[in-house]
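K.L.:
Provided herewith is a single structure, encoded as structure tokens, for subsequent inquiry.
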Amino acid sequence: MAKLVMNDELFAELKTFIDDNKSQTLGLMPVLHKAQDIFGCIPLEVQKFISKEMHVTVAEIYGVVTFYSRFSTEPVGDHLIGVCLGTACYVKGSQKILDELIKELGIKQEETTEDGKFTLTATRCVGACGLAPVMMIDDDVYGRLSPKQISDILSKYKN
Amino acid sequence: MKNVNIKINGMDFEVPSNYTVLEACKKANIDIPTLCYLKEINETGACRMCVVEVEGARSLQASCVLKVREGMNVKTNTKRVINSRTTTLELLLANHNKDCLKCNRNGKCELQDLSERFHIRDIYFDSFEKRTPHYDDSSVSIVRDQSKCILCGRCVSACQKVAGMGILTYINRGFEAVVGTGFNYKLEEAGCIYCGQCINVCPVGALKEKSHIDQVWDAINNPNVHVVVQTAPAVRASIGEEFGLEMGTRATGKMVAAIKRLGVDKVFDTNFAADLTIMEEGYELLDRIQNNGVLPMLTSCSPGWIRLIEQYYPEFIHNLSSCKSPHQMFGAIIKSYYAEKANIDPKDIFVVSVMPCSAKKSEMNRDEMEVNGLRDVDAVLTTREISNIIREAGIRFNELEDEEFDNPLGEYSGAGVIFGATGGVMEAALRTVADILENKDLDDFEYNNVRGIEGIKEASIELGGKTVNIAVAHGGENAKKLMDMIKSGEKEYHFVEIMGCSGGCVNGGGQPYVKASIRNSGVDIRLARAKALYEEDEIKQVRKSHQNKQIQLLYKEFLEKPNSHKSHELLHTHYKKQEIFPIS
């Protein structure tokens with residue numbers, strides 16, 4: 001599992017953001033974006049904090065967090081792998097790429113490896129249809145993939 | 001309000017301009033089907049059952065959220081409309097767990113009604129993956145079954161807007177979307193107060209109370225068990241609805257007659273214990289006022305409210321009256337005083353509370369609710385459950401002659417009856433406290449300023465030369481508003497009544513289902529049912545708790561005086577902070 005760091009300093013940073021924006025009617029979304037950036041995820045502790053500061057129930061916050069794939073409740077690994085399941089990539093066999101990653105990493109979709117190195121997600125179109133099937137690892141794009149290449153690509157990130 | 005002219009199915013109508021198309025159609029005697037729509041509570045246009053064709057609009061329109069316009073031309077019965085509604089219904093049914101024969105809403109299900117109305121005989125999409133039963137019955141009060149849920153959102157809105165709690169939400173999106181709590185915590189730990197407003201508005205069998213029916217039948221059928229039933233005030237005001245009587249019909253006598261025919265040993269009235277509560281709580285208030293006790297004193301009859309304060313305002317638990325709620329008090333008295341009088345071993349007594357409430361099921365399970373190892377109450381049946389039992393037994397409710405409660409604990413005052421409506425406990429307490437302070441039998445004892453369904457009611461009353469400031473709130477949202485004002489110091493009171501449900505017990509989470517079509521027609525369930533209680537109060541000879549002869553006898557023979565040592569042992573309790581979303 002990836003490590004989650006929560007300390008008073010980080011909570012203070014979030015509080016400052018909420019307080020600084022109180023004059024305008026501050027929606028939940030900007031606060032959640034900020035929280036995701038600060039903590040790398042929005043776990044229960046953080047949702048309880050936001051709930052108290054903004055007078056919104058935890059249930060409502062959790063509903064929003066689980067609706068948008070940009071937010072997560074668990075820490076994301078050092079490297080975020082996104083396999084495009086958009087139409088073009090899908091017809092070019094990106095499901096097989098995803099299946100290979102699942103096999104290779106030993107985790108399911110939307111999970112993080114034990115050692116906290118990789119988080120595997122399926123994404124919508126990344127705008128590189130010409131290179132289909134496509135996956136992204138952090139900011140690197142890998143196109144015209146075949147399942148055979150996966151092992152080699154992953155090894156680049158293992159150290 | 002300005003009127004507009006619209007055409008519905010080729011006919012001309014004139015309707016107020018603030019109407020929705022749905023309301024206009026109703027005026028034209030056309031009943032548009034709805035599922036998710038609850039007037040002023042859930043107006044999202046999400047389920048698409050209510051679609052109509054509007055001239056000039058490309059797609060079908062959701063009539064529940066579409067306002068009328070001058071010259072609008074609406075068609076409600078075209079082939080396109082009917083096809084759309086049928087398809088919507090088939091899609092909903094495709095992954096609905098259709099075990100209707102085993103469902104607690106069988107015969108009372110709005111989805112079932114629509115299937116019949118649109119004569120669904122085959123479900124085109126039935127090859128989709130079915131939802132398997134997915135129970136959360138971890139709560140002692142409310143049971144959820146995800147496989148029945150059609151995601152209409154009525155419970156989510158009711159929890160937010162009627163209960164004022166907001167503990168239910170949509171989780172995830174698309175096919176994975178479900179209704180649940182934050183982080184899927186169990187209701188017990190997710191901030192739920194068990195008011196059951198979600199159950200009341202669910203159109204299908206996705207939410208229900210935890211049933212105690214089997215335990216009650218077992219007790220009735222055990223010849224060694226002495227079964228005592230007590231009925232809460234609000235039940236008489238609503239049970240008639242279960243048997244087709246008009247809302248607001250007072251069915252006290254028929255209810256007693258029906259329960260007696262189930263083969264129970266005694267039927268008593270929780271109102272007796274309501275009178276007892278007033279004695280204990282009234283004297284507790286006097287003591288707090290006269291001896292600089294913690295003020296304001298907060299009432300403690302509503303277990304929903306108790307859960308609210310324990311979870312959300314734990315710093316105020318010393319303000320709560322230490323009185324148990326009436327039915328718990330009654331259980332303790334039945335297993336002590338009554339057992340002694342009737343010469344029955346209290347261990348052989350099984351106390352059944354018939355309540356309008358889902359939270360009472362949780363209350364009876366609290367650790368504190370026992371005396372010397374004997375539980376005060378052994379089962380809680382909701383108004384719906386007792387009605388099911390009466391039907392199961394084949395008792396023809398409407399044909400029964402009125403019967404009286406049993407003695408010696410069946411006598412009650414008018415003050416006890418009005419406990420079932422918001423403001424009722426306050427009024428009952430004032431009737432007694434005023435008499436005690438003035439030391440006479442006051443003629444002027446109706447406190448109209450605490451009646452009615454206004455969210456927060458306040459008054460200043462002169463009692464024995466002292467001004468007493470009081471407030472009444474009902475429903476979670478008003479309760480929180482009032483508590484916040486007390487917390488900030490903006491308001492100061494001596495005595496505050498709070499009930500967890502909007503309107504009080506008459507609108508409790510255990511009361512008969514009221515279909516959306518009736519809810520949306522503009523009836524106020526709270527007022528209609530409360531009327532029955534105030535009527536009963538008016539016809540009672542004795543209308544003040546302290547004048548109830550059997551209460552006086554109970555003190556003389558057994559309890560000595562209000563707040564005596566014995567009273568405290570049997571009738572009082574304590575509270576503790578409950579953490580919401582505990583992190584392990």
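Ordered as shown in the structure tokens, chains take letters A, B, and onward, while each chain numbers its residues from 1 and ligands are numbered from 1 in the order shown.
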Tell me, counting only C-alpha atoms, for each residue of chain A within 12 Å of chain B, which pair of atoms is nearest and how far apart they are in Å to one decimal, in rows ordered by chain and increasing number, as CSV.
P.N.:
```
residue,atom,partner,partner_atom,distance
A:Ile42,CA,B:Phe183,CA,11.3
A:Pro43,CA,B:Phe183,CA,9.2
A:Leu44,CA,B:Phe183,CA,7.5
A:Glu45,CA,B:Ile583,CA,7.8
A:Val46,CA,B:Ile583,CA,11.5
A:Gln47,CA,B:Gly182,CA,9.4
A:Lys48,CA,B:Phe581,CA,8.2
A:Phe49,CA,B:Phe581,CA,11.6
A:Ser51,CA,B:Gly182,CA,11.3
A:Lys52,CA,B:Tyr312,CA,11.1
A:His55,CA,B:Gly166,CA,11.1
A:Val56,CA,B:Gly166,CA,8.6
A:Thr57,CA,B:Gly166,CA,6.2
A:Val58,CA,B:Gly182,CA,5.7
A:Ala59,CA,B:Gly182,CA,4.0
A:Glu60,CA,B:Thr169,CA,6.0
A:Ile61,CA,B:Gly182,CA,7.8
A:Tyr62,CA,B:Gly182,CA,5.4
A:Gly63,CA,B:Ile171,CA,4.8
A:Val64,CA,B:Ile171,CA,7.8
A:Val65,CA,B:Asn172,CA,8.2
A:Thr66,CA,B:Asn172,CA,4.7
A:Phe67,CA,B:Asn172,CA,4.7
A:Tyr68,CA,B:Asn172,CA,8.0
A:Ser69,CA,B:Asn172,CA,9.3
A:Phe71,CA,B:Asn172,CA,11.3
A:Ser72,CA,B:Asn172,CA,11.3
A:Thr73,CA,B:Phe183,CA,9.1
A:Glu74,CA,B:Phe183,CA,11.5
```
K.L.:
Considering only C-alpha atoms, return as a list in words whatever protein or nucleic-acid residues lie within 8 Å of Tyr135 of chain B, sequence-local ones (same chain, fewer than 5 positions apart) excluded.
P.N.:
Val143, Arg144, Asp145 and Gln146 of chain B
K.L.:
Write the selection just made, keeping C-alpha atoms, as an mmCIF file, in the first residue's frame?
P.N.:
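Everything below was put into result.cif:
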```cif
data_model
loop_
_atom_site.group_PDB
_atom_site.id
_atom_site.type_symbol
_atom_site.label_atom_id
_atom_site.label_comp_id
_atom_site.auth_asym_id
_atom_site.auth_seq_id
_atom_site.Cartn_x
_atom_site.Cartn_y
_atom_site.Cartn_z
ATOM 1 C CA VAL B 143 -33.083 -2.965 7.355
ATOM 2 C CA ARG B 144 -31.874 -2.115 3.850
ATOM 3 C CA ASP B 145 -32.018 -4.360 0.800
ATOM 4 C CA GLN B 146 -30.041 -2.986 -2.147
#
```
K.L.:
DSSP on the backbone, then: every residue of segment 376-558 of chain B marked helix (DSSP H, G or I), written as an MDAnalysis selection string.
P.N.:
chainID B and resid 383:392 397:399 414:420 424:438 448:450 476:488 505:507 516:519 525:539 545:547 549:558
K.L.:
Please produce an output containing C-alpha atoms for each residue in the selection, written as an mmCIF file, in the first residue's frame.
P.N.:
```cif
data_model
loop_
_atom_site.group_PDB
_atom_site.id
_atom_site.type_symbol
_atom_site.label_atom_id
_atom_site.label_comp_id
_atom_site.auth_asym_id
_atom_site.auth_seq_id
_atom_site.Cartn_x
_atom_site.Cartn_y
_atom_site.Cartn_z
ATOM 1 C CA THR B 383 -48.166 0.473 13.442
ATOM 2 C CA ARG B 384 -47.526 -1.354 10.165
ATOM 3 C CA GLU B 385 -46.453 -4.546 11.912
ATOM 4 C CA ILE B 386 -49.416 -4.709 14.299
ATOM 5 C CA SER B 387 -51.699 -4.148 11.304
ATOM 6 C CA ASN B 388 -50.011 -7.037 9.491
ATOM 7 C CA ILE B 389 -50.574 -9.264 12.505
ATOM 8 C CA ILE B 390 -54.232 -8.233 12.733
ATOM 9 C CA ARG B 391 -54.709 -9.042 9.048
ATOM 10 C CA GLU B 392 -52.829 -12.312 9.398
ATOM 11 C CA PHE B 397 -60.938 -4.523 11.998
ATOM 12 C CA ASN B 398 -63.625 -2.260 10.585
ATOM 13 C CA GLU B 399 -66.474 -4.440 11.839
ATOM 14 C CA GLY B 414 -56.061 13.999 27.601
ATOM 15 C CA ALA B 415 -52.556 15.243 28.314
ATOM 16 C CA GLY B 416 -51.211 11.745 27.691
ATOM 17 C CA VAL B 417 -52.940 11.487 24.322
ATOM 18 C CA ILE B 418 -51.415 14.606 22.826
ATOM 19 C CA PHE B 419 -47.878 13.266 23.413
ATOM 20 C CA GLY B 420 -48.119 11.932 19.871
ATOM 21 C CA GLY B 424 -47.902 17.702 22.979
ATOM 22 C CA VAL B 425 -45.343 16.794 25.615
ATOM 23 C CA MET B 426 -44.731 20.472 26.329
ATOM 24 C CA GLU B 427 -48.441 21.195 26.659
ATOM 25 C CA ALA B 428 -49.020 18.172 28.885
ATOM 26 C CA ALA B 429 -46.126 19.203 31.122
ATOM 27 C CA LEU B 430 -47.324 22.808 31.338
ATOM 28 C CA ARG B 431 -50.819 21.686 32.351
ATOM 29 C CA THR B 432 -49.345 19.899 35.366
ATOM 30 C CA VAL B 433 -46.515 22.277 36.264
ATOM 31 C CA ALA B 434 -48.844 25.303 36.142
ATOM 32 C CA ASP B 435 -51.329 23.650 38.505
ATOM 33 C CA ILE B 436 -48.576 22.714 40.936
ATOM 34 C CA LEU B 437 -47.033 26.187 40.973
ATOM 35 C CA GLU B 438 -50.367 27.976 41.246
ATOM 36 C CA ASN B 448 -52.320 26.778 21.521
ATOM 37 C CA ASN B 449 -48.995 28.492 20.891
ATOM 38 C CA VAL B 450 -47.145 25.178 21.131
ATOM 39 C CA GLY B 476 -33.780 16.876 12.767
ATOM 40 C CA GLU B 477 -33.327 20.093 10.856
ATOM 41 C CA ASN B 478 -35.365 22.224 13.264
ATOM 42 C CA ALA B 479 -33.832 20.424 16.225
ATOM 43 C CA LYS B 480 -30.337 21.301 15.007
ATOM 44 C CA LYS B 481 -31.348 24.892 14.292
ATOM 45 C CA LEU B 482 -32.732 25.285 17.792
ATOM 46 C CA MET B 483 -29.753 23.576 19.433
ATOM 47 C CA ASP B 484 -27.349 25.809 17.516
ATOM 48 C CA MET B 485 -29.183 28.872 18.809
ATOM 49 C CA ILE B 486 -29.022 27.545 22.363
ATOM 50 C CA LYS B 487 -25.353 26.658 21.923
ATOM 51 C CA SER B 488 -24.402 30.096 20.663
ATOM 52 C CA CYS B 505 -44.857 10.729 16.531
ATOM 53 C CA VAL B 506 -47.923 10.942 14.268
ATOM 54 C CA ASN B 507 -45.453 11.115 11.392
ATOM 55 C CA ALA B 516 -46.750 9.334 -3.155
ATOM 56 C CA SER B 517 -49.977 10.080 -5.023
ATOM 57 C CA ILE B 518 -51.627 10.974 -1.691
ATOM 58 C CA ARG B 519 -48.563 12.782 -0.322
ATOM 59 C CA ILE B 525 -50.181 13.890 7.137
ATOM 60 C CA ARG B 526 -48.939 15.518 10.329
ATOM 61 C CA LEU B 527 -51.970 17.753 10.769
ATOM 62 C CA ALA B 528 -54.526 15.172 9.701
ATOM 63 C CA ARG B 529 -53.327 12.624 12.232
ATOM 64 C CA ALA B 530 -52.690 15.127 15.025
ATOM 65 C CA LYS B 531 -56.309 16.248 14.727
ATOM 66 C CA ALA B 532 -57.415 12.812 15.908
ATOM 67 C CA LEU B 533 -55.306 13.182 19.041
ATOM 68 C CA TYR B 534 -56.533 16.648 19.956
ATOM 69 C CA GLU B 535 -60.096 15.395 19.459
ATOM 70 C CA GLU B 536 -59.506 12.579 21.899
ATOM 71 C CA ASP B 537 -57.993 15.040 24.378
ATOM 72 C CA GLU B 538 -61.115 17.170 24.170
ATOM 73 C CA ILE B 539 -63.526 14.379 24.968
ATOM 74 C CA SER B 545 -51.739 13.980 34.037
ATOM 75 C CA HIS B 546 -51.656 14.577 37.793
ATOM 76 C CA GLN B 547 -55.430 14.137 37.950
ATOM 77 C CA LYS B 549 -56.642 8.544 39.446
ATOM 78 C CA GLN B 550 -54.557 5.486 38.642
ATOM 79 C CA ILE B 551 -51.391 7.572 38.538
ATOM 80 C CA GLN B 552 -52.251 8.942 41.976
ATOM 81 C CA LEU B 553 -52.826 5.381 43.173
ATOM 82 C CA LEU B 554 -49.526 4.217 41.675
ATOM 83 C CA TYR B 555 -47.652 6.859 43.680
ATOM 84 C CA LYS B 556 -49.641 6.113 46.818
ATOM 85 C CA GLU B 557 -49.198 2.351 46.657
ATOM 86 C CA PHE B 558 -45.806 2.019 45.080
#
```
K.L.:
Quick one: of A:Ile97, A:Ile18, A:Val76, A:Leu154, who's nearest to Ala132 of chain A, counting only C-alpha atoms?
P.N.:
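Using only C-alpha atoms, Ala132 of chain A sits closest to A:Ile97.
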K.L.:
Taking only segment 19-135 of chain A into account, list the residues labelled strand (DSSP E) by DSSP (computed from the backbone), as a list in words.
P.N.:
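These are the residues in question: His79, Leu80, Ile81, Gly82, Val83, Cys84, Glu111, Thr112, Phe118, Thr119, Leu120, Thr121, Ala122, Thr123 and Met135 of chain A.
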K.L.:
Identify which of the residues B:Ser353, B:Ser460, B:Ser502, B:Thr299 lies closest to Ala163 of chain B, counting only C-alpha atoms when measuring atom-to-atom distances.
P.N.:
B:Ser502
K.L.:
Could you state the separation of atom CA of Phe495 of chain B and atom CA of Val472 of chain B in Å, given to one decimal place?
P.N.:
8.7 Å
K.L.:
Near Met1 of chain B, within 12 Å and counting only C-alpha atoms, which residues show up once chain neighbours fewer than 3 positions away are dropped, as number ranges by chain?
P.N.:
B: 4, 14-19
K.L.:
Of the residues A:Asp19, A:Glu110, A:Glu9, A:Asp152, which is the one nearest to Met54 of chain A, using only C-alpha atoms?
P.N.:
A:Asp19
K.L.:
Sorted by chain and rising residue number, which residues of segment 8-95 of chain B lie within 9 Å of segment 196-209 of chain B, and what are their closest atom pairs and distances in Å to one decimal, counting only C-alpha atoms, as a Markdown table?
P.N.:
```
| residue | atom | partner | partner_atom | distance |
| --- | --- | --- | --- | --- |
| B:Leu35 | CA | B:Pro203 | CA | 7.3 |
| B:Cys36 | CA | B:Pro203 | CA | 8.4 |
| B:Leu38 | CA | B:Val201 | CA | 8.5 |
```
K.L.:
Go ahead and save the picked residues with C-alpha atoms, as a PDB file, in the first residue's frame.
P.N.:
```
ATOM      1  CA  LEU B  35     -42.020   7.164  -9.105  1.00  0.00           C
ATOM      2  CA  CYS B  36     -39.283   9.477  -7.922  1.00  0.00           C
ATOM      3  CA  LEU B  38     -42.332  13.773  -4.024  1.00  0.00           C
TER       4      LEU B  38
END
```
K.L.:
When you look at Ile81 of chain A with a cut-off of 6 Å (counting only C-alpha atoms), what residues show up, excluding the ones that are within fewer than 4 positions of it in the same chain? I need them as an NGL selection string.
P.N.:
:A and (119-120 or 136-137)
K.L.:
So that I can see what lies close to Ala35 of chain A, please list as a compact mmCIF listing (two decimals) with N, CA and C atoms, in the first residue's frame the residues with an atom at most 10 Å from it, counting only C-alpha atoms and leaving out residues fewer than 3 positions away in the same chain.
P.N.:
```txt
# COMPACT_ATOMS: atom_id res chain seq x y z
N LEU A 10 -0.70 19.72 7.33
CA LEU A 10 -1.49 19.54 6.11
C LEU A 10 -2.96 19.91 6.35
N PHE A 11 -3.47 19.54 7.52
CA PHE A 11 -4.85 19.93 7.83
C PHE A 11 -4.96 21.46 7.92
N GLU A 13 -3.20 23.56 6.27
CA GLU A 13 -3.15 24.07 4.90
C GLU A 13 -4.55 24.02 4.27
N LEU A 14 -5.26 22.91 4.51
CA LEU A 14 -6.61 22.78 3.97
C LEU A 14 -7.55 23.79 4.61
N LYS A 15 -7.38 23.99 5.92
CA LYS A 15 -8.24 24.93 6.63
C LYS A 15 -8.05 26.35 6.11
N PHE A 17 -7.16 27.19 3.16
CA PHE A 17 -7.82 27.28 1.86
C PHE A 17 -9.33 27.50 2.02
N MET A 29 -16.55 21.26 -4.54
CA MET A 29 -15.57 20.76 -5.51
C MET A 29 -14.16 21.34 -5.35
N PRO A 30 -14.02 22.68 -5.29
CA PRO A 30 -12.66 23.20 -5.14
C PRO A 30 -11.97 22.70 -3.88
N VAL A 31 -12.73 22.54 -2.82
CA VAL A 31 -12.14 22.06 -1.57
C VAL A 31 -11.66 20.62 -1.72
N LEU A 32 -12.46 19.82 -2.43
CA LEU A 32 -12.07 18.43 -2.63
C LEU A 32 -10.82 18.33 -3.51
N ILE A 38 -3.40 17.94 -1.56
CA ILE A 38 -2.61 17.98 -0.32
C ILE A 38 -2.29 16.58 0.19
N PHE A 39 -3.33 15.73 0.25
CA PHE A 39 -3.15 14.43 0.89
C PHE A 39 -2.92 13.29 -0.10
N GLY A 40 -3.15 13.57 -1.38
CA GLY A 40 -3.01 12.51 -2.37
C GLY A 40 -4.23 11.61 -2.43
N CYS A 41 -5.15 11.82 -1.54
CA CYS A 41 -6.42 11.10 -1.52
C CYS A 41 -7.30 11.79 -0.49
N ILE A 42 -8.58 11.37 -0.41
CA ILE A 42 -9.49 12.01 0.55
C ILE A 42 -10.09 10.94 1.45
N PRO A 43 -9.34 10.52 2.44
CA PRO A 43 -9.83 9.47 3.33
C PRO A 43 -10.86 10.00 4.34
N VAL A 46 -10.10 13.06 6.50
CA VAL A 46 -10.15 14.34 5.79
C VAL A 46 -11.60 14.73 5.50
N GLN A 47 -12.42 13.75 5.13
CA GLN A 47 -13.83 14.05 4.86
C GLN A 47 -14.54 14.53 6.12
N ILE A 50 -13.54 18.15 6.55
CA ILE A 50 -14.24 19.03 5.61
C ILE A 50 -15.71 19.18 6.03
N PHE A 71 -11.07 11.89 -7.81
CA PHE A 71 -10.87 11.77 -6.35
C PHE A 71 -10.72 10.31 -5.95
```
K.L.:
Which one of A:Leu85, A:Leu80, A:Val91, A:Leu131 sits closest to Lys117 of chain A if you count only C-alpha atoms?
P.N.:
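Smallest separation from Lys117 of chain A among the options: A:Leu80.
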K.L.:
Quick one: residues within 10 Å of Trp217 of chain B, only C-alpha atoms, excluding same-chain residues fewer than 5 positions away - as a list of chain:residue names?
P.N.:
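Once the nearby chain positions are removed, what remains is B:His212, B:Asn222, B:Leu262, B:Gly263, B:Val264, B:Ile389.
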